[in-house]
file upload-v8.pdb (PDB, C-alpha atoms)
ATOM      1  CA  MET A   1      60.515-126.875  92.572
ATOM      2  CA  VAL A   2      58.346-127.116  89.461
ATOM      3  CA  GLY A   3      60.387-127.715  86.332
ATOM      4  CA  PHE A   4      63.520-128.787  88.209
ATOM      5  CA  GLY A   5      64.673-132.223  87.186
ATOM      6  CA  GLY A   6      67.439-132.606  89.731
ATOM      7  CA  ILE A   7      71.161-133.145  89.226
ATOM      8  CA  PRO A   8      72.000-136.289  87.223
ATOM      9  CA  THR A   9      73.951-138.846  89.188
ATOM     10  CA  ARG A  10      76.411-141.425  87.957
ATOM     11  CA  ASN A  11      73.686-144.075  88.072
ATOM     12  CA  ASP A  12      71.461-141.874  85.903
ATOM     13  CA  ASP A  13      74.287-141.437  83.393
ATOM     14  CA  ASP A  14      74.985-145.160  83.343
ATOM     15  CA  GLU A  15      71.308-145.892  82.750
ATOM     16  CA  ASN A  16      71.124-143.363  79.906
ATOM     17  CA  ASN A  17      74.284-144.735  78.315
ATOM     18  CA  GLU A  18      72.898-148.258  78.534
ATOM     19  CA  MET A  19      69.655-147.154  76.858
ATOM     20  CA  ASP A  20      71.603-145.416  74.085
ATOM     21  CA  ALA A  21      73.726-148.495  73.566
ATOM     22  CA  HIS A  22      70.598-150.562  72.958
ATOM     23  CA  ARG A  23      69.086-147.883  70.736
ATOM     24  CA  TRP A  24      71.999-146.928  68.478
ATOM     25  CA  ARG A  25      73.847-149.547  66.502
ATOM     26  CA  GLY A  26      76.770-149.437  64.110
ATOM     27  CA  ARG A  27      79.713-147.107  63.925
ATOM     28  CA  LYS A  28      79.873-143.697  62.331
ATOM     29  CA  GLY A  29      82.471-143.017  59.667
ATOM     30  CA  VAL A  30      83.129-142.544  55.958
ATOM     31  CA  ARG A  31      84.810-145.246  53.909
ATOM     32  CA  GLY A  32      87.564-144.317  51.516
ATOM     33  CA  PRO A  33      90.557-141.965  51.611
ATOM     34  CA  SER A  34      90.458-139.073  54.054
ATOM     35  CA  TRP A  35      90.533-136.422  51.306
ATOM     36  CA  LEU A  36      87.197-137.771  50.015
ATOM     37  CA  LYS A  37      85.416-137.549  53.360
ATOM     38  CA  MET A  38      83.972-134.061  52.933
ATOM     39  CA  PRO A  39      82.943-134.462  49.264
ATOM     40  CA  LEU A  40      81.251-137.787  49.994
ATOM     41  CA  LEU A  41      79.338-136.379  52.961
ATOM     42  CA  THR A  42      78.026-133.405  50.983
ATOM     43  CA  ILE A  43      77.595-134.805  47.456
ATOM     44  CA  GLY A  44      73.870-135.220  48.115
ATOM     45  CA  LEU A  45      73.508-131.460  48.518
ATOM     46  CA  LEU A  46      75.112-130.984  45.093
ATOM     47  CA  GLY A  47      72.544-133.251  43.474
ATOM     48  CA  THR A  48      69.513-131.721  45.173
ATOM     49  CA  GLN A  49      70.654-128.207  44.296
ATOM     50  CA  ILE A  50      71.023-129.147  40.619
ATOM     51  CA  VAL A  51      67.455-130.486  40.675
ATOM     52  CA  TRP A  52      66.171-127.363  42.429
ATOM     53  CA  SER A  53      67.925-125.089  39.905
ATOM     54  CA  THR A  54      66.441-127.082  37.041
ATOM     55  CA  GLU A  55      62.988-126.741  38.559
ATOM     56  CA  MET A  56      63.378-122.999  39.067
ATOM     57  CA  GLY A  57      64.587-122.523  35.510
ATOM     58  CA  TYR A  58      61.951-124.565  33.710
ATOM     59  CA  ALA A  59      58.885-124.987  35.906
ATOM     60  CA  SER A  60      57.488-121.471  35.447
ATOM     61  CA  PRO A  61      57.515-121.371  31.621
ATOM     62  CA  TYR A  62      56.378-124.997  31.507
ATOM     63  CA  LEU A  63      53.347-124.339  33.718
ATOM     64  CA  LEU A  64      52.488-121.233  31.714
ATOM     65  CA  SER A  65      52.667-123.267  28.509
ATOM     66  CA  LEU A  66      50.187-125.720  30.033
ATOM     67  CA  GLY A  67      47.730-122.900  30.603
ATOM     68  CA  LEU A  68      48.214-122.107  34.295
ATOM     69  CA  SER A  69      47.451-118.457  35.004
ATOM     70  CA  LYS A  70      50.150-116.153  36.361
ATOM     71  CA  SER A  71      48.045-115.397  39.430
ATOM     72  CA  TRP A  72      48.243-119.074  40.447
ATOM     73  CA  MET A  73      51.993-119.334  39.991
ATOM     74  CA  SER A  74      52.685-117.977  43.467
ATOM     75  CA  MET A  75      50.493-120.700  44.981
ATOM     76  CA  VAL A  76      52.562-123.311  43.192
ATOM     77  CA  PHE A  77      55.948-122.027  44.289
ATOM     78  CA  VAL A  78      54.911-121.610  47.909
ATOM     79  CA  ALA A  79      55.817-125.311  47.978
ATOM     80  CA  GLY A  80      59.463-124.394  48.629
ATOM     81  CA  PRO A  81      58.899-122.329  51.803
ATOM     82  CA  LEU A  82      56.232-124.758  53.031
ATOM     83  CA  SER A  83      58.502-127.760  52.616
ATOM     84  CA  GLY A  84      61.329-125.973  54.407
ATOM     85  CA  LEU A  85      58.994-125.015  57.241
ATOM     86  CA  PHE A  86      57.433-128.424  57.834
ATOM     87  CA  VAL A  87      59.376-131.176  56.068
ATOM     88  CA  GLN A  88      62.872-130.526  57.400
ATOM     89  CA  PRO A  89      61.883-130.467  61.109
ATOM     90  CA  LEU A  90      59.586-133.463  60.631
ATOM     91  CA  ILE A  91      62.180-135.550  58.822
ATOM     92  CA  GLY A  92      64.775-134.494  61.383
ATOM     93  CA  VAL A  93      62.654-135.780  64.267
ATOM     94  CA  LEU A  94      61.784-139.027  62.468
ATOM     95  CA  ALA A  95      65.412-139.661  61.514
ATOM     96  CA  ASP A  96      66.659-138.885  65.033
ATOM     97  CA  ASN A  97      64.326-141.521  66.453
ATOM     98  CA  SER A  98      64.912-144.101  63.742
ATOM     99  CA  THR A  99      66.319-147.480  64.734
ATOM    100  CA  SER A 100      66.633-148.850  61.199
ATOM    101  CA  ARG A 101      69.377-151.396  60.607
ATOM    102  CA  TRP A 102      70.456-149.219  57.647
ATOM    103  CA  GLY A 103      71.144-146.219  59.888
ATOM    104  CA  ARG A 104      69.191-143.156  60.956
ATOM    105  CA  ARG A 105      69.823-141.009  57.865
ATOM    106  CA  ARG A 106      70.375-143.426  54.993
ATOM    107  CA  PRO A 107      66.743-144.626  54.510
ATOM    108  CA  TYR A 108      65.369-141.078  54.335
ATOM    109  CA  MET A 109      68.138-140.024  51.976
ATOM    110  CA  PHE A 110      67.548-143.036  49.720
ATOM    111  CA  TYR A 111      63.765-142.820  49.503
ATOM    112  CA  GLY A 112      63.858-139.027  49.245
ATOM    113  CA  SER A 113      66.224-139.290  46.273
ATOM    114  CA  ILE A 114      63.994-141.887  44.595
ATOM    115  CA  LEU A 115      60.915-139.673  45.075
ATOM    116  CA  CYS A 116      62.794-136.629  43.773
ATOM    117  CA  SER A 117      63.962-138.458  40.629
ATOM    118  CA  PHE A 118      60.520-139.901  39.942
ATOM    119  CA  SER A 119      58.815-136.529  40.458
ATOM    120  CA  LEU A 120      61.261-134.775  38.122
ATOM    121  CA  LEU A 121      60.579-137.348  35.402
ATOM    122  CA  LEU A 122      56.855-137.025  36.028
ATOM    123  CA  LEU A 123      57.091-133.246  35.622
ATOM    124  CA  GLY A 124      58.935-133.569  32.325
ATOM    125  CA  PHE A 125      56.535-136.112  30.809
ATOM    126  CA  THR A 126      53.278-134.871  32.319
ATOM    127  CA  LYS A 127      51.568-134.327  28.964
ATOM    128  CA  GLU A 128      52.525-137.744  27.649
ATOM    129  CA  ILE A 129      51.448-139.571  30.814
ATOM    130  CA  VAL A 130      48.058-137.871  30.964
ATOM    131  CA  SER A 131      47.521-138.551  27.256
ATOM    132  CA  TRP A 132      47.881-142.281  27.934
ATOM    133  CA  PHE A 133      44.634-142.210  29.913
ATOM    134  CA  ILE A 134      42.736-139.194  28.549
ATOM    135  CA  SER A 135      42.380-138.115  24.949
ATOM    136  CA  PRO A 136      44.392-134.969  24.115
ATOM    137  CA  ASP A 137      41.232-133.518  22.593
ATOM    138  CA  SER A 138      39.312-133.849  25.850
ATOM    139  CA  PRO A 139      38.808-130.643  27.920
ATOM    140  CA  ALA A 140      39.833-132.585  31.027
ATOM    141  CA  ASN A 141      43.254-133.355  29.573
ATOM    142  CA  ALA A 142      44.639-129.836  30.075
ATOM    143  CA  THR A 143      43.239-129.517  33.612
ATOM    144  CA  ILE A 144      44.608-132.867  34.800
ATOM    145  CA  THR A 145      47.958-132.139  33.159
ATOM    146  CA  ILE A 146      48.273-128.890  35.128
ATOM    147  CA  TRP A 147      47.311-130.575  38.400
ATOM    148  CA  LEU A 148      49.766-133.420  37.831
ATOM    149  CA  ALA A 149      52.548-130.935  37.064
ATOM    150  CA  VAL A 150      51.770-128.959  40.229
ATOM    151  CA  ILE A 151      51.772-132.136  42.336
ATOM    152  CA  SER A 152      55.124-133.060  40.797
ATOM    153  CA  ILE A 153      56.597-129.701  41.800
ATOM    154  CA  TYR A 154      55.367-130.123  45.378
ATOM    155  CA  CYS A 155      56.850-133.629  45.531
ATOM    156  CA  ILE A 156      60.169-132.338  44.169
ATOM    157  CA  ASP A 157      60.377-129.558  46.771
ATOM    158  CA  PHE A 158      59.339-131.812  49.643
ATOM    159  CA  SER A 159      61.790-134.569  48.701
ATOM    160  CA  ILE A 160      64.643-132.071  48.189
ATOM    161  CA  ASN A 161      64.112-130.691  51.685
ATOM    162  CA  ALA A 162      63.974-134.195  53.127
ATOM    163  CA  VAL A 163      67.308-135.153  51.551
ATOM    164  CA  GLN A 164      68.941-131.867  52.546
ATOM    165  CA  ALA A 165      67.737-132.256  56.144
ATOM    166  CA  VAL A 166      69.287-135.688  56.630
ATOM    167  CA  ASP A 167      72.419-134.745  54.681
ATOM    168  CA  ARG A 168      73.105-131.816  56.996
ATOM    169  CA  ALA A 169      72.306-133.988  60.015
ATOM    170  CA  LEU A 170      74.781-136.538  58.706
ATOM    171  CA  LEU A 171      77.504-133.915  58.897
ATOM    172  CA  VAL A 172      76.729-133.296  62.551
ATOM    173  CA  ASP A 173      76.557-137.031  63.278
ATOM    174  CA  THR A 174      79.779-137.978  61.545
ATOM    175  CA  LEU A 175      82.234-135.140  61.974
ATOM    176  CA  PRO A 176      83.973-134.290  65.244
ATOM    177  CA  THR A 177      83.426-130.830  66.690
ATOM    178  CA  ALA A 178      86.713-129.518  65.319
ATOM    179  CA  GLN A 179      85.638-130.344  61.749
ATOM    180  CA  GLN A 180      82.052-129.075  61.910
ATOM    181  CA  GLU A 181      82.896-125.664  60.425
ATOM    182  CA  ARG A 182      84.804-127.264  57.577
ATOM    183  CA  GLY A 183      81.898-129.616  56.917
ATOM    184  CA  GLN A 184      79.392-126.752  56.746
ATOM    185  CA  ALA A 185      81.753-124.882  54.415
ATOM    186  CA  TRP A 186      81.782-127.908  52.107
ATOM    187  CA  ALA A 187      77.983-128.014  52.262
ATOM    188  CA  GLY A 188      77.801-124.387  51.157
ATOM    189  CA  ARG A 189      80.354-125.080  48.423
ATOM    190  CA  MET A 190      78.295-127.982  47.047
ATOM    191  CA  LEU A 191      75.091-125.930  47.090
ATOM    192  CA  SER A 192      76.772-123.110  45.181
ATOM    193  CA  VAL A 193      78.319-125.430  42.588
ATOM    194  CA  GLY A 194      74.974-127.191  42.187
ATOM    195  CA  SER A 195      73.204-123.901  41.495
ATOM    196  CA  VAL A 196      75.773-122.883  38.885
ATOM    197  CA  LEU A 197      75.659-126.278  37.164
ATOM    198  CA  GLY A 198      71.876-126.447  37.196
ATOM    199  CA  PHE A 199      71.374-123.033  35.613
ATOM    200  CA  TRP A 200      74.327-123.435  33.233
ATOM    201  CA  VAL A 201      73.021-126.724  31.850
ATOM    202  CA  GLY A 202      69.701-124.988  31.242
ATOM    203  CA  GLN A 203      71.152-122.810  28.501
ATOM    204  CA  LEU A 204      72.431-125.800  26.516
ATOM    205  CA  PRO A 205      70.299-127.202  23.648
ATOM    206  CA  LEU A 206      69.765-130.504  25.449
ATOM    207  CA  PRO A 207      67.314-132.049  22.912
ATOM    208  CA  ILE A 208      70.011-131.702  20.251
ATOM    209  CA  HIS A 209      72.769-133.246  22.353
ATOM    210  CA  PHE A 210      70.610-135.914  24.038
ATOM    211  CA  PRO A 211      67.652-136.602  21.739
ATOM    212  CA  PHE A 212      67.170-140.088  23.203
ATOM    213  CA  PHE A 213      66.156-138.584  26.603
ATOM    214  CA  GLY A 214      63.249-136.514  25.301
ATOM    215  CA  LYS A 215      62.033-133.816  22.962
ATOM    216  CA  THR A 216      62.071-130.809  25.321
ATOM    217  CA  GLN A 217      64.597-129.124  27.592
ATOM    218  CA  LEU A 218      62.795-130.250  30.746
ATOM    219  CA  GLN A 219      62.581-133.843  29.613
TER
END

call {"tool": "encode", "arguments": {"input": "upload-v8.pdb", "output": "structure tokens"}}
result
Amino acid sequence: MVGFGGIPTRNDDDENNEMDAHRWRGRKGVRGPSWLKMPLLTIGLLGTQIVWSTEMGYASPYLLSLGLSKSWMSMVFVAGPLSGLFVQPLIGVLADNSTSRWGRRRPYMFYGSILCSFSLLLLGFTKEIVSWFISPDSPANATITIWLAVISIYCIDFSINAVQAVDRALLVDTLPTAQQERGQAWAGRMLSVGSVLGFWVGQLPLPIHFPFFGKTQLQ
């Protein structure tokens, strides 16, 4: 019958198990005391949510101050839905098929975090970076500054979704079935705390408290 694959036999199972044994290496688990297992597995979601809240709080007024029209703002912030639609499934497939010696999830989490941090710094210092190469008095300076800021926002959203995808997959990989609900509850808890922290920090006069980091709130 078309589409019928047959009933797997013991030999088929043994062959599949042997292939998996060659493909997957290492042992799943979380180092440290048991009470730290859930926080350690979901701490990445806390960090990405703080970054996302910071972006939501500052990106709009920052882009408007650069001269971007309000009609183009929606095209900029479509980056979030687009990254959720394409990046998370793509990263999930790539991570599932990864045979890296560092694990399936860790490389994507590491490089995604590096890209997110770099993009956030790039967004905060867009004017200064562009002014290194183009005179502030040049008409091209404002245009390139806007484009660089928009690219930074897209990179932030794409990297956040990449890290969140592998972090949630790590929960499924690591936790037994009986602890899956608890793990997802911790994930939701970290996302909520990250949102509160991100927006709360935004109301503080950061340039006064941390002048050595930059001259503006976003920096």

call {"tool": "atom_distance", "arguments": {"input": "upload-v8.pdb", "atom1": "CA of Asp167 in chain A", "atom2": "CA of Gly44 in chain A"}}
result
6.7 Å

call {"tool": "atom_distance", "arguments": {"input": "upload-v8.pdb", "atom1": "CA of Ser131 in chain A", "atom2": "CA of Ser119 in chain A"}}
result
17.5 Å

call {"tool": "resolve_selection", "arguments": {"input": "upload-v8.pdb", "expression": "the PyMOL selection byres ((chain A and resi 133-148) around 10)", "output": "list in words"}}
result
Tyr62, Leu63, Leu64, Ser65, Leu66, Gly67, Leu68, Ser119, Leu122, Leu123, Phe125, Thr126, Lys127, Glu128, Ile129, Val130, Ser131, Trp132, Ala149, Val150, Ile151, Ser152, Ile153 and Tyr154 of chain A

call {"tool": "residues_around", "arguments": {"input": "upload-v8.pdb", "residues": "Val51 in chain A", "least_positions_apart": "4", "cutoff": "10 Å", "atoms": "all atoms listed in the file", "output": "ChimeraX atom specification"}}
result
/A:45-47,55-57,116-117,120,156-157,160,194-195,197-199

call {"tool": "closest_atom_pairs", "arguments": {"input": "upload-v8.pdb", "of": "range 82-124 of chain A", "to": "range 168-173 of chain A", "cutoff": "12 Å", "atoms": "all atoms listed in the file", "output": "JSON lines"}}
result
{"residue": "A:Gln88", "atom": "CA", "partner": "A:Arg168", "partner_atom": "CA", "distance": 10.3}
{"residue": "A:Pro89", "atom": "CA", "partner": "A:Ala169", "partner_atom": "CA", "distance": 11.1}
{"residue": "A:Ile91", "atom": "CA", "partner": "A:Ala169", "partner_atom": "CA", "distance": 10.3}
{"residue": "A:Gly92", "atom": "CA", "partner": "A:Ala169", "partner_atom": "CA", "distance": 7.7}
{"residue": "A:Val93", "atom": "CA", "partner": "A:Ala169", "partner_atom": "CA", "distance": 10.7}
{"residue": "A:Leu94", "atom": "CA", "partner": "A:Ala169", "partner_atom": "CA", "distance": 11.9}
{"residue": "A:Ala95", "atom": "CA", "partner": "A:Ala169", "partner_atom": "CA", "distance": 9.1}
{"residue": "A:Asp96", "atom": "CA", "partner": "A:Ala169", "partner_atom": "CA", "distance": 9.0}
{"residue": "A:Gly103", "atom": "CA", "partner": "A:Leu170", "partner_atom": "CA", "distance": 10.4}
{"residue": "A:Arg104", "atom": "CA", "partner": "A:Leu170", "partner_atom": "CA", "distance": 9.0}
{"residue": "A:Arg105", "atom": "CA", "partner": "A:Leu170", "partner_atom": "CA", "distance": 6.7}
{"residue": "A:Arg106", "atom": "CA", "partner": "A:Leu170", "partner_atom": "CA", "distance": 9.0}
{"residue": "A:Tyr108", "atom": "CA", "partner": "A:Leu170", "partner_atom": "CA", "distance": 11.3}
{"residue": "A:Met109", "atom": "CA", "partner": "A:Leu170", "partner_atom": "CA", "distance": 10.1}

call {"tool": "atom_distance", "arguments": {"input": "upload-v8.pdb", "atom1": "CA of Ser60 in chain A", "atom2": "CA of Gln203 in chain A"}}
result
15.4 Å

call {"tool": "resolve_selection", "arguments": {"input": "upload-v8.pdb", "expression": "the PyMOL selection byres ((chain A and resi 190) around 7)", "output": "PyMOL selection string"}}
result
chain A and resi 42-43+45-46+186-189+191-194

call {"tool": "closest_residue", "arguments": {"input": "upload-v8.pdb", "among": "A:Ser159, A:Thr177, A:Gly124, A:Phe77", "to": "Thr216 in chain A", "atoms": "all atoms listed in the file"}}
result
A:Gly124

call {"tool": "closest_residue", "arguments": {"input": "upload-v8.pdb", "among": "A:Leu85, A:Leu218, A:Ala59, A:Leu175", "to": "Leu204 in chain A", "atoms": "all atoms listed in the file"}}
result
A:Leu218

call {"tool": "closest_residue", "arguments": {"input": "upload-v8.pdb", "among": "A:Trp200, A:Trp102, A:Tyr111, A:Trp52", "to": "Gly80 in chain A", "atoms": "all atoms listed in the file"}}
result
A:Trp52
